[in-house]
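Novice: Contents of query_1.csv (CSV, C-alpha atoms):
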```csv
chain,number,residue,atom,x,y,z
A,120,MET,CA,0.0,0.0,0.0
A,121,LYS,CA,2.7,2.4,1.0
A,122,GLU,CA,4.7,1.5,-2.1
A,123,LYS,CA,1.6,2.3,-4.2
A,124,ASN,CA,1.2,5.7,-2.5
A,125,LYS,CA,4.8,6.6,-3.2
A,126,LYS,CA,4.5,5.8,-6.8
A,127,LYS,CA,1.3,7.9,-7.0
A,128,MET,CA,3.1,10.8,-5.3
A,129,LEU,CA,6.1,10.6,-7.7
A,130,LEU,CA,3.8,10.6,-10.6
A,131,LYS,CA,1.9,13.6,-9.2
A,132,LEU,CA,5.3,15.3,-8.5
A,133,PHE,CA,6.4,14.7,-12.1
A,134,LEU,CA,3.1,16.0,-13.6
A,135,SER,CA,3.1,19.1,-11.4
A,136,THR,CA,6.7,20.1,-12.2
A,137,LEU,CA,6.1,19.3,-15.9
A,138,TYR,CA,3.0,21.5,-15.9
A,139,LEU,CA,4.7,24.4,-14.0
A,140,SER,CA,7.7,24.3,-16.2
A,141,ALA,CA,5.7,24.2,-19.5
A,142,PHE,CA,3.4,27.1,-18.7
A,143,THR,CA,5.5,29.5,-16.5
A,144,PHE,CA,6.8,32.5,-18.3
A,145,GLY,CA,8.9,35.0,-16.5
A,146,GLY,CA,11.8,33.0,-15.0
A,147,GLY,CA,12.8,31.2,-11.8
A,148,TYR,CA,11.3,33.5,-9.2
A,149,VAL,CA,7.8,33.2,-10.6
A,150,ILE,CA,8.0,29.4,-10.9
A,151,VAL,CA,9.2,29.0,-7.2
A,152,THR,CA,6.2,31.1,-6.1
A,153,LEU,CA,3.9,28.8,-8.1
A,154,MET,CA,5.6,25.7,-6.6
A,155,LYS,CA,4.8,27.0,-3.2
A,156,LYS,CA,1.2,27.4,-4.2
A,157,LYS,CA,1.0,23.9,-5.5
A,158,PHE,CA,3.0,21.9,-2.9
A,159,VAL,CA,2.1,24.0,0.2
A,160,ASP,CA,-1.3,25.4,-0.3
A,161,GLN,CA,-2.8,22.8,-2.6
A,162,TYR,CA,-1.2,19.4,-1.8
A,163,HIS,CA,-0.1,20.2,1.8
A,164,TRP,CA,3.0,18.1,1.1
A,165,ILE,CA,5.4,20.7,2.7
A,166,GLU,CA,4.9,23.2,5.5
A,167,GLU,CA,4.9,26.9,4.7
A,168,ASN,CA,8.0,27.7,6.9
A,169,GLU,CA,10.0,24.8,5.5
A,170,MET,CA,9.1,25.8,2.0
A,171,LEU,CA,10.5,29.3,2.6
A,172,ASP,CA,13.8,27.7,3.7
A,173,LEU,CA,13.8,25.5,0.6
A,174,VAL,CA,13.2,28.5,-1.6
A,175,ALA,CA,16.1,30.4,0.1
A,176,ILE,CA,18.4,27.4,-0.6
A,177,ALA,CA,17.2,27.3,-4.2
A,178,GLN,CA,17.9,31.0,-4.7
A,179,SER,CA,21.3,31.0,-3.0
A,180,SER,CA,22.7,28.1,-5.0
A,181,PRO,CA,24.2,28.5,-8.4
A,182,GLY,CA,22.3,27.5,-11.5
A,183,ALA,CA,18.7,28.0,-12.7
A,184,ILE,CA,16.4,28.8,-9.8
A,185,ALA,CA,13.5,26.7,-11.4
A,186,VAL,CA,15.8,23.6,-11.5
A,187,ASN,CA,17.1,24.3,-8.0
A,188,GLY,CA,13.6,24.7,-6.7
A,189,ALA,CA,12.6,21.3,-8.3
A,190,ILE,CA,15.6,19.7,-6.7
A,191,VAL,CA,14.9,20.9,-3.1
A,192,VAL,CA,11.2,20.1,-3.3
A,193,GLY,CA,11.8,16.7,-4.9
A,194,TYR,CA,14.5,15.8,-2.5
A,195,LYS,CA,12.4,16.9,0.5
A,196,LEU,CA,9.5,14.7,-0.6
A,197,SER,CA,11.2,11.6,-1.7
A,198,GLY,CA,15.0,11.7,-1.6
A,199,ILE,CA,17.2,11.3,-4.6
A,200,LEU,CA,14.5,9.6,-6.6
A,201,GLY,CA,12.1,12.5,-5.9
A,202,ALA,CA,14.8,15.0,-6.9
A,203,LEU,CA,15.4,13.2,-10.2
A,204,VAL,CA,11.7,13.0,-11.0
A,205,ALA,CA,11.2,16.7,-10.3
A,206,ILE,CA,14.3,17.6,-12.4
A,207,LEU,CA,13.0,15.6,-15.3
A,208,GLY,CA,9.6,17.3,-15.1
A,209,THR,CA,11.2,20.7,-15.0
A,210,VAL,CA,13.8,20.2,-17.8
A,211,LEU,CA,11.7,18.2,-20.3
A,212,PRO,CA,9.4,21.1,-21.5
A,213,PRO,CA,12.1,23.6,-22.3
A,214,PHE,CA,14.2,20.7,-23.8
A,215,VAL,CA,11.4,19.7,-26.2
A,216,ILE,CA,10.3,23.3,-27.0
A,217,LEU,CA,13.8,24.5,-27.8
A,218,SER,CA,14.5,21.3,-29.9
A,219,VAL,CA,11.5,22.1,-32.0
A,220,ILE,CA,12.4,25.8,-32.3
A,221,SER,CA,16.0,25.1,-33.3
A,222,VAL,CA,14.7,23.0,-36.2
A,223,PHE,CA,12.6,25.8,-37.4
A,224,TYR,CA,15.3,28.4,-36.6
A,225,LYS,CA,17.6,26.9,-39.2
A,226,ALA,CA,14.9,26.8,-41.8
A,227,PHE,CA,13.5,30.3,-41.1
A,228,ARG,CA,16.6,32.4,-40.3
A,229,ASN,CA,17.3,33.0,-44.0
A,230,ASN,CA,13.7,34.0,-44.7
A,231,TRP,CA,13.7,37.8,-45.3
A,232,LEU,CA,10.6,38.4,-43.2
A,233,ILE,CA,11.7,36.4,-40.2
A,234,SER,CA,15.2,37.9,-40.4
A,235,GLN,CA,13.8,41.4,-40.3
A,236,LEU,CA,11.6,40.4,-37.4
A,237,LEU,CA,14.5,38.8,-35.5
A,238,GLU,CA,16.8,41.8,-36.2
A,239,GLY,CA,14.3,44.2,-34.7
A,240,MET,CA,13.8,41.9,-31.7
A,241,GLN,CA,17.6,42.2,-31.0
A,242,ALA,CA,17.0,45.9,-30.2
A,243,GLY,CA,14.0,44.8,-28.2
A,244,VAL,CA,15.9,42.2,-26.1
A,245,GLY,CA,18.7,44.7,-25.6
A,246,ALA,CA,16.1,47.1,-24.2
A,247,VAL,CA,14.7,44.4,-21.9
A,248,ILE,CA,18.2,43.6,-20.6
A,249,ALA,CA,19.0,47.3,-20.1
A,250,SER,CA,15.8,47.7,-18.1
A,251,VAL,CA,16.5,44.6,-16.0
A,252,THR,CA,20.0,46.0,-15.3
A,253,LEU,CA,18.5,49.2,-14.1
A,254,ASP,CA,16.0,47.3,-11.8
A,255,MET,CA,18.8,45.3,-10.3
A,256,GLY,CA,21.4,48.0,-10.2
A,257,ILE,CA,19.5,50.9,-8.7
A,258,PRO,CA,18.9,49.3,-5.3
A,259,ILE,CA,22.7,48.5,-5.1
A,260,VAL,CA,23.5,52.1,-5.9
A,261,LYS,CA,21.0,53.3,-3.3
A,262,GLU,CA,22.7,51.1,-0.6
A,263,LYS,CA,25.7,53.4,-0.9
A,264,GLU,CA,28.2,50.8,0.1
A,265,ALA,CA,31.6,51.6,-1.3
A,266,VAL,CA,32.7,48.0,-1.7
A,267,SER,CA,29.6,47.0,-3.6
A,268,LEU,CA,29.9,50.0,-5.9
A,269,ILE,CA,33.6,49.2,-6.5
A,270,ILE,CA,32.7,45.6,-7.3
A,271,MET,CA,30.0,46.7,-9.7
A,272,VAL,CA,32.2,49.2,-11.6
A,273,GLY,CA,35.3,46.9,-11.5
A,274,ALA,CA,33.3,43.8,-12.8
A,275,PHE,CA,31.8,45.9,-15.6
A,276,VAL,CA,35.2,47.2,-16.7
A,277,ALA,CA,36.8,43.8,-16.5
A,278,ALA,CA,34.0,42.0,-18.5
A,279,CYS,CA,33.1,44.7,-21.0
A,280,LEU,CA,36.4,46.6,-21.7
A,281,PHE,CA,39.0,43.9,-21.0
A,282,GLY,CA,36.9,40.9,-22.0
A,283,ILE,CA,38.0,38.9,-18.9
A,284,ASN,CA,36.2,35.5,-18.6
A,285,VAL,CA,33.2,36.0,-16.3
A,286,VAL,CA,34.1,32.8,-14.4
A,287,TYR,CA,37.2,34.5,-12.9
A,288,ILE,CA,35.1,37.6,-12.0
A,289,VAL,CA,32.6,35.4,-10.1
A,290,ILE,CA,35.5,33.6,-8.3
A,291,VAL,CA,37.2,36.9,-7.3
A,292,CYS,CA,34.0,38.5,-6.2
A,293,GLY,CA,33.1,35.4,-4.3
A,294,ILE,CA,36.4,35.5,-2.4
A,295,ILE,CA,35.9,39.2,-1.7
A,296,GLY,CA,32.5,38.3,-0.3
A,297,ILE,CA,34.0,35.6,2.0
A,298,ILE,CA,36.6,38.0,3.3
A,299,ARG,CA,33.9,40.7,3.8
A,300,THR,CA,31.7,38.3,5.7
A,301,LEU,CA,34.5,37.1,7.9
A,302,LEU,CA,35.6,40.6,8.8
A,303,LEU,CA,32.0,41.6,9.5
A,304,ASN,CA,31.5,38.6,11.8
A,305,ARG,CA,34.7,39.4,13.7
A,306,ARG,CA,33.6,42.9,14.2
A,307,LYS,CA,30.2,41.7,15.6
A,308,MET,CA,32.0,39.3,18.0
A,309,LYS,CA,33.9,42.3,19.5
B,268,MET,CA,35.6,15.0,-27.7
B,269,ILE,CA,32.9,17.6,-28.7
B,270,TYR,CA,30.6,16.0,-26.1
B,271,LEU,CA,33.2,16.5,-23.4
B,272,GLN,CA,33.7,20.2,-24.5
B,273,LEU,CA,29.9,20.8,-24.4
B,274,PHE,CA,29.6,19.1,-21.0
B,275,TRP,CA,32.5,21.0,-19.5
B,276,SER,CA,31.3,24.4,-20.9
B,277,PHE,CA,27.8,24.0,-19.6
B,278,LEU,CA,29.1,22.6,-16.3
B,279,GLN,CA,30.9,25.9,-15.8
B,280,ILE,CA,27.7,27.8,-16.7
B,281,GLY,CA,25.7,25.8,-14.2
B,282,LEU,CA,28.4,26.2,-11.5
B,283,PHE,CA,29.1,29.9,-11.7
B,284,SER,CA,25.7,31.5,-12.4
B,285,PHE,CA,24.5,32.9,-9.1
B,286,GLY,CA,21.2,34.8,-8.8
B,287,GLY,CA,19.0,33.2,-11.3
B,288,GLY,CA,17.3,34.6,-14.4
B,289,TYR,CA,19.8,36.7,-16.4
B,290,ALA,CA,22.8,35.7,-14.3
B,291,ALA,CA,23.6,32.8,-16.6
B,292,MET,CA,23.6,35.0,-19.7
B,293,PRO,CA,27.1,36.5,-19.5
B,294,LEU,CA,28.5,33.0,-18.7
B,295,ILE,CA,26.7,31.5,-21.7
B,296,GLN,CA,28.0,34.3,-23.9
B,297,GLY,CA,31.6,33.7,-22.6
B,298,GLN,CA,31.5,30.0,-23.2
B,299,VAL,CA,29.4,29.7,-26.3
B,300,VAL,CA,30.4,32.9,-28.3
B,301,THR,CA,33.8,34.0,-27.0
B,302,SER,CA,35.6,30.8,-26.0
B,303,HIS,CA,34.2,28.3,-28.5
B,304,GLY,CA,32.5,30.2,-31.3
B,305,TRP,CA,29.6,27.8,-31.3
B,306,LEU,CA,27.2,30.7,-32.0
B,307,THR,CA,27.8,34.1,-33.5
B,308,MET,CA,26.8,37.1,-31.4
B,309,SER,CA,23.7,37.5,-33.6
B,310,GLU,CA,22.7,33.9,-33.1
B,311,PHE,CA,23.3,34.3,-29.3
B,312,THR,CA,21.0,37.3,-29.3
B,313,ASP,CA,18.3,35.3,-31.1
B,314,LEU,CA,18.7,32.6,-28.5
B,315,ILE,CA,18.2,35.0,-25.7
B,316,THR,CA,15.2,36.4,-27.5
B,317,ILE,CA,13.7,32.9,-28.0
B,318,SER,CA,14.5,32.1,-24.3
B,319,GLN,CA,12.5,35.2,-23.3
B,320,MET,CA,9.5,34.1,-25.3
B,321,THR,CA,9.4,30.5,-24.2
B,322,PRO,CA,9.1,29.0,-20.7
B,323,GLY,CA,12.2,27.5,-19.1
B,324,PRO,CA,15.5,28.7,-17.7
B,325,ILE,CA,17.9,30.5,-20.1
B,326,ALA,CA,20.7,28.0,-19.2
B,327,VAL,CA,18.6,24.9,-20.0
B,328,ASN,CA,17.2,26.5,-23.2
B,329,SER,CA,20.8,27.4,-24.3
B,330,ALA,CA,22.1,23.9,-23.5
B,331,THR,CA,19.4,22.4,-25.7
B,332,PHE,CA,19.8,24.9,-28.5
B,333,VAL,CA,23.6,24.9,-28.6
B,334,GLY,CA,24.0,21.2,-28.0
B,335,LEU,CA,21.6,20.4,-30.8
B,336,LYS,CA,23.4,22.7,-33.2
B,337,ILE,CA,26.9,21.4,-32.4
B,338,ALA,CA,26.3,17.7,-31.8
B,339,GLY,CA,22.6,16.7,-32.3
B,340,ILE,CA,20.3,15.3,-29.7
B,341,PRO,CA,23.1,13.6,-27.8
B,342,GLY,CA,24.9,16.9,-27.6
B,343,ALA,CA,21.7,18.6,-26.3
B,344,VAL,CA,21.4,15.9,-23.6
B,345,VAL,CA,25.1,16.1,-22.6
B,346,ALA,CA,25.0,20.0,-22.4
B,347,THR,CA,21.7,19.9,-20.4
B,348,VAL,CA,23.0,17.4,-17.9
B,349,GLY,CA,26.2,19.5,-17.6
B,350,CYS,CA,24.3,22.6,-16.7
B,351,ILE,CA,22.1,21.0,-14.1
B,352,LEU,CA,24.7,18.7,-12.5
B,353,PRO,CA,26.3,21.4,-10.3
B,354,SER,CA,22.8,22.4,-9.1
B,355,CYS,CA,22.1,18.8,-8.1
B,356,ILE,CA,25.2,18.5,-6.0
B,357,ILE,CA,25.4,21.9,-4.5
B,358,VAL,CA,21.7,22.2,-3.6
B,359,THR,CA,21.7,18.8,-1.9
B,360,ILE,CA,24.8,19.7,0.1
B,361,LEU,CA,23.4,23.1,1.1
B,362,ALA,CA,20.1,21.6,2.1
B,363,LYS,CA,21.9,19.2,4.4
B,364,LEU,CA,24.1,21.9,5.9
B,365,TYR,CA,21.1,24.1,6.3
B,366,LEU,CA,19.1,21.5,8.1
B,367,ARG,CA,22.0,20.9,10.5
B,368,TYR,CA,23.0,24.5,11.2
B,369,ARG,CA,19.8,26.5,10.4
B,370,SER,CA,21.9,29.4,9.2
B,371,MET,CA,23.2,30.6,5.9
B,372,ASP,CA,25.0,33.8,7.1
B,373,MET,CA,28.2,33.0,5.2
B,374,LEU,CA,26.4,32.2,2.0
B,375,GLN,CA,24.2,35.3,2.2
B,376,GLY,CA,27.3,37.4,2.8
B,377,VAL,CA,29.0,36.0,-0.3
B,378,LEU,CA,25.8,36.5,-2.4
B,379,HIS,CA,25.7,40.1,-1.2
B,380,SER,CA,29.1,40.7,-2.7
B,381,LEU,CA,28.3,38.7,-5.8
B,382,ARG,CA,25.1,40.6,-6.7
B,383,PRO,CA,26.8,43.8,-7.9
B,384,ALA,CA,29.2,41.8,-10.0
B,385,VAL,CA,26.3,39.8,-11.5
B,386,VAL,CA,24.5,43.1,-12.4
B,387,ALA,CA,27.7,44.4,-14.0
B,388,MET,CA,28.2,41.2,-16.0
B,389,ILE,CA,24.6,41.2,-17.2
B,390,ALA,CA,25.1,44.9,-18.2
B,391,SER,CA,28.2,43.9,-20.1
B,392,ALA,CA,26.4,41.2,-22.0
B,393,GLY,CA,23.7,43.7,-22.8
B,394,VAL,CA,26.1,46.2,-24.2
B,395,GLN,CA,27.5,43.5,-26.5
B,396,ILE,CA,24.1,42.6,-27.7
B,397,LEU,CA,23.3,46.2,-28.4
B,398,ILE,CA,26.6,46.7,-30.3
B,399,THR,CA,25.6,43.8,-32.5
B,400,ALA,CA,22.1,45.2,-32.9
B,401,PHE,CA,23.4,48.7,-33.8
B,402,TRP,CA,26.4,47.9,-35.9
B,403,GLY,CA,26.0,44.3,-37.0
B,404,ASN,CA,28.2,41.2,-36.6
B,405,GLY,CA,32.0,41.9,-36.3
B,406,ILE,CA,31.8,45.1,-38.3
B,407,GLU,CA,33.7,48.0,-36.9
B,408,ILE,CA,31.8,50.6,-34.9
B,409,SER,CA,31.5,53.8,-37.0
B,410,LEU,CA,29.1,56.6,-37.3
B,411,PHE,CA,28.6,55.8,-41.0
B,412,GLY,CA,27.7,52.1,-40.3
B,413,THR,CA,25.2,52.9,-37.6
B,414,LYS,CA,21.7,51.4,-38.0
B,415,TRP,CA,19.8,54.4,-36.8
B,416,ILE,CA,16.5,52.5,-37.1
B,417,MET,CA,17.7,50.0,-34.5
B,418,ILE,CA,18.6,52.8,-32.1
B,419,LEU,CA,15.2,54.4,-32.6
B,420,ILE,CA,13.5,51.0,-31.9
B,421,PHE,CA,15.7,50.5,-28.8
B,422,ALA,CA,14.7,54.0,-27.5
B,423,ILE,CA,11.0,53.3,-28.0
B,424,CYS,CA,11.3,49.9,-26.2
B,425,ILE,CA,13.1,51.4,-23.3
B,426,LEU,CA,10.5,54.1,-23.0
B,427,LEU,CA,7.7,51.5,-23.1
B,428,LEU,CA,9.5,49.3,-20.5
B,429,ARG,CA,10.2,52.1,-18.1
B,430,SER,CA,6.9,54.0,-18.3
B,431,THR,CA,4.3,51.2,-18.8
B,432,LYS,CA,3.7,47.8,-17.2
B,433,LEU,CA,3.8,46.2,-20.7
B,434,ASN,CA,5.1,42.5,-20.6
B,435,PRO,CA,8.6,42.4,-22.0
B,436,ILE,CA,7.6,39.6,-24.4
B,437,TRP,CA,5.2,42.1,-26.2
B,438,VAL,CA,7.8,44.8,-26.2
B,439,MET,CA,10.2,42.4,-28.0
B,440,VAL,CA,7.5,41.4,-30.5
B,441,LEU,CA,6.7,45.0,-31.1
B,442,ALA,CA,10.4,45.7,-31.8
B,443,GLY,CA,10.4,43.0,-34.4
B,444,VAL,CA,7.2,44.3,-36.0
B,445,MET,CA,8.6,47.8,-36.1
B,446,LYS,CA,11.7,46.8,-37.9
B,447,LEU,CA,9.8,44.7,-40.3
B,448,ALA,CA,7.3,47.6,-41.0
B,449,MET,CA,10.2,50.0,-41.5
B,450,SER,CA,12.0,47.7,-43.9
B,451,VAL,CA,8.9,47.2,-46.0
B,452,LEU,CA,8.1,50.9,-46.1
B,453,ILE,CA,11.6,52.3,-46.7
```
For the structure just supplied, provide its representation as structure tokens.

Specialist:
Amino acid sequence: MKEKNKKKMLLKLFLSTLYLSAFTFGGGYVIVTLMKKKFVDQYHWIEENEMLDLVAIAQSSPGAIAVNGAIVVGYKLSGILGALVAILGTVLPPFVILSVISVFYKAFRNNWLISQLLEGMQAGVGAVIASVTLDMGIPIVKEKEAVSLIIMVGAFVAACLFGINVVYIVIVCGIIGIIRTLLLNRRKMK
Amino acid sequence: MIYLQLFWSFLQIGLFSFGGGYAAMPLIQGQVVTSHGWLTMSEFTDLITISQMTPGPIAVNSATFVGLKIAGIPGAVVATVGCILPSCIIVTILAKLYLRYRSMDMLQGVLHSLRPAVVAMIASAGVQILITAFWGNGIEISLFGTKWIMILIFAICILLLRSTKLNPIWVMVLAGVMKLAMSVLI
């Protein structure tokens, strides 16, 4: 009986993550909110507080937040197997959709109409990224922390003007963050 | 060999993109355009546009798209596994540590310092997308070669995004339609 319930839950988990992944536009933060609605409010599989912690872990880890969210939820519900099922549900829709699109992309990119449309959209996506940068950057500027501002300007110069591999920028800034946190903790101790 | 390269590249993308959403974009650009030349800057911009208009994380979308282009379905699978493998390992470890210590001060501190860098790197990738949009692929930047129509479209889009609550997907579609209309008319 228990075995049967577990299978049923895994199937439900797979279908839920599949559905959320296939129909959620707007990135990881949105999908994590919808996961909370589904697994906490609707299925009552996870408690509200615990879900908040799981979301925090998903957002703090590297990688796509939607995938991270699926891993924490799946792992919490049913261990490694649960995590794998949830990952599969989350990854399958974009995998299939992009596969189909890339077939069409090759065929359509040389079409004059499509190429004009895509060219215009390059300016559009550039505008979207500029707007996102403003949304993310303005709060950091408002914090008025010298170190943060130096990191921001330094990282931009390194990436944009000197073309330094962003992996190194992430590593260096991560180390700066570790040192900063250690110094802050020491000051708190005193 | 190509599978190993795809796997290794997307592993780095999965491992070093902190902050979700656009954070993966500069890493994908670095690996896919700059280091390996698997996509041109124009193709990369198309990919980001497509990612914006379809569900799913940018990193997974890119892994599928680039993997397929370079090495077919097996390539897409290898790249996708590469980009989610770091998540699987790190998320599980963090979840265990978190359950034991109930605190993520250190991690939050590190993320606090990473955030300005992530914003800067997204901005840098955005600048390169705009350079491609305004001056074309690999052509030198000059006043004469500037596509003024593209700059106009960009300005209209920014205005729409900052002053209305219009969904970014529609703004991008509008940008494409504007370019098409202008090319037909002029």

Novice: With distances taken over all atoms listed in the file, which of A:Ile206, A:Ala183, A:Ala226, A:Met170 is nearest to chain B?

Specialist: A:Ala183

Novice: For A:Ala278, list every protein, DNA or RNA residue within 9 Å, evaluated using only C-alpha atoms, and leave out those in the same chain fewer than 4 positions away; present the list as a list in words.

Specialist: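 Listed by chain and then number, they are Gly273, Ala274, Gly282, Ile283, Asn284, Val285 and Ile288 of chain A; Pro293, Ala387, Met388, Ser391 and Ala392 of chain B.
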
Novice: Rounded to one decimal, what separation in Å do you get between atom CA of B:Val327 and atom CA of A:Val174?

Specialist: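 That distance, rounded to one decimal, is 19.5 Å.
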
Novice: If you take all atoms listed in the file and a cut-off of 7 Å, which residues of stretch 285-350 of chain B touch stretch 273-278 of chain B, and what are their nearest atom pairs and distances in Å to one decimal, in chain and number order, as a tab-separated table?

Specialist:
```
residue	atom	partner	partner_atom	distance
B:Gln298	CA	B:Ser276	CA	6.1
B:Ala330	CA	B:Phe277	CA	6.9
B:Gly334	CA	B:Leu273	CA	6.9
B:Val345	CA	B:Phe274	CA	5.6
B:Ala346	CA	B:Phe274	CA	4.9
B:Gly349	CA	B:Leu278	CA	4.4
B:Cys350	CA	B:Phe277	CA	4.8
```

Novice: Could you give me, as an mmCIF file with C-alpha atoms, keeping the file's coordinate frame, the residues within 12 Å of B:Ile360, counting all atoms listed in the file and dropping anything in the same chain fewer than 4 positions from it?

Specialist:
```
data_model
loop_
_atom_site.group_PDB
_atom_site.id
_atom_site.type_symbol
_atom_site.label_atom_id
_atom_site.label_comp_id
_atom_site.auth_asym_id
_atom_site.auth_seq_id
_atom_site.Cartn_x
_atom_site.Cartn_y
_atom_site.Cartn_z
ATOM 1 C CA ILE A 176 18.400 27.400 -0.600
ATOM 2 C CA ALA A 177 17.200 27.300 -4.200
ATOM 3 C CA SER A 180 22.700 28.100 -5.000
ATOM 4 C CA ILE A 190 15.600 19.700 -6.700
ATOM 5 C CA VAL A 191 14.900 20.900 -3.100
ATOM 6 C CA TYR A 194 14.500 15.800 -2.500
ATOM 7 C CA PRO B 353 26.300 21.400 -10.300
ATOM 8 C CA SER B 354 22.800 22.400 -9.100
ATOM 9 C CA CYS B 355 22.100 18.800 -8.100
ATOM 10 C CA ILE B 356 25.200 18.500 -6.000
ATOM 11 C CA LEU B 364 24.100 21.900 5.900
ATOM 12 C CA TYR B 365 21.100 24.100 6.300
ATOM 13 C CA LEU B 366 19.100 21.500 8.100
ATOM 14 C CA ARG B 367 22.000 20.900 10.500
#
```

Novice: Could you check how far atom CA of B:Ala291 sits from atom CA of B:Ala384, in Å to one decimal?

Specialist: 12.5 Å

Novice: Rounded to one decimal in Å, what is the spacing between atom CA of B:Ala390 and atom CA of A:Ser179?

Specialist: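 Taking atom CA of B:Ala390 as the start and atom CA of A:Ser179 as the end point, the length is 20.9 Å.
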
Novice: Rank nothing, just name the residue among B:Tyr270, B:Tyr289, B:Phe421, B:Trp415 nearest to chain A, using only C-alpha atoms.

Specialist: B:Phe421

Novice: For A:Ile269, which residue out of A:Ala185, A:Leu132, A:Cys292, A:Met154 is the nearest one, using all atoms listed in the file?

Specialist: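 Nearest candidate to A:Ile269 out of A:Ala185, A:Leu132, A:Cys292, A:Met154: A:Cys292.
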
Novice: Would you mind telling me which residue in A:Ala189, A:Ile233, A:Ile248, A:Leu207 lies nearest to B:Met292 when using all atoms listed in the file?

Specialist: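 Using all atoms listed in the file, B:Met292 sits closest to A:Ile248.
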
Novice: Of the candidates A:Val276, A:Ile220, A:Ile184, A:Val291, which one gets nearest to chain B if we count only C-alpha atoms?

Specialist: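 When distances to chain B are compared using only C-alpha atoms, the smallest one comes from A:Ile184.
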
Novice: Between A:Asn304, A:Val286, A:Thr209, A:Gly296, single out the one closest to B:Gly297, counting only C-alpha atoms.

Specialist: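 With only C-alpha atoms as the atom set, the closest residue is A:Val286.
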
Novice: Quick one: residues within 12 Å of B:Gly393, all atoms listed in the file counted, chain neighbours fewer than 3 positions away excluded, as JSON, numbers by chain?

Specialist: {"A": [241, 242, 243, 244, 245, 246, 247, 248, 249, 250, 251, 252, 253, 275, 278, 279], "B": [289, 290, 292, 293, 296, 308, 311, 312, 315, 386, 387, 388, 389, 390, 396, 397, 398, 399, 400]}

Novice: Can you pull out every residue within 12 Å of A:Gln235, counting all atoms listed in the file, but drop anything in the same chain fewer than 3 positions away, and send it as a list in words?

Specialist: Phe227, Arg228, Asn229, Asn230, Trp231, Leu232, Glu238, Gly239, Met240, Gln241 and Ala242 of chain A; Asp313, Ala400, Ile416, Met417, Val440, Ala442, Gly443, Val444, Met445, Lys446, Leu447, Ala448, Met449, Ser450 and Val451 of chain B
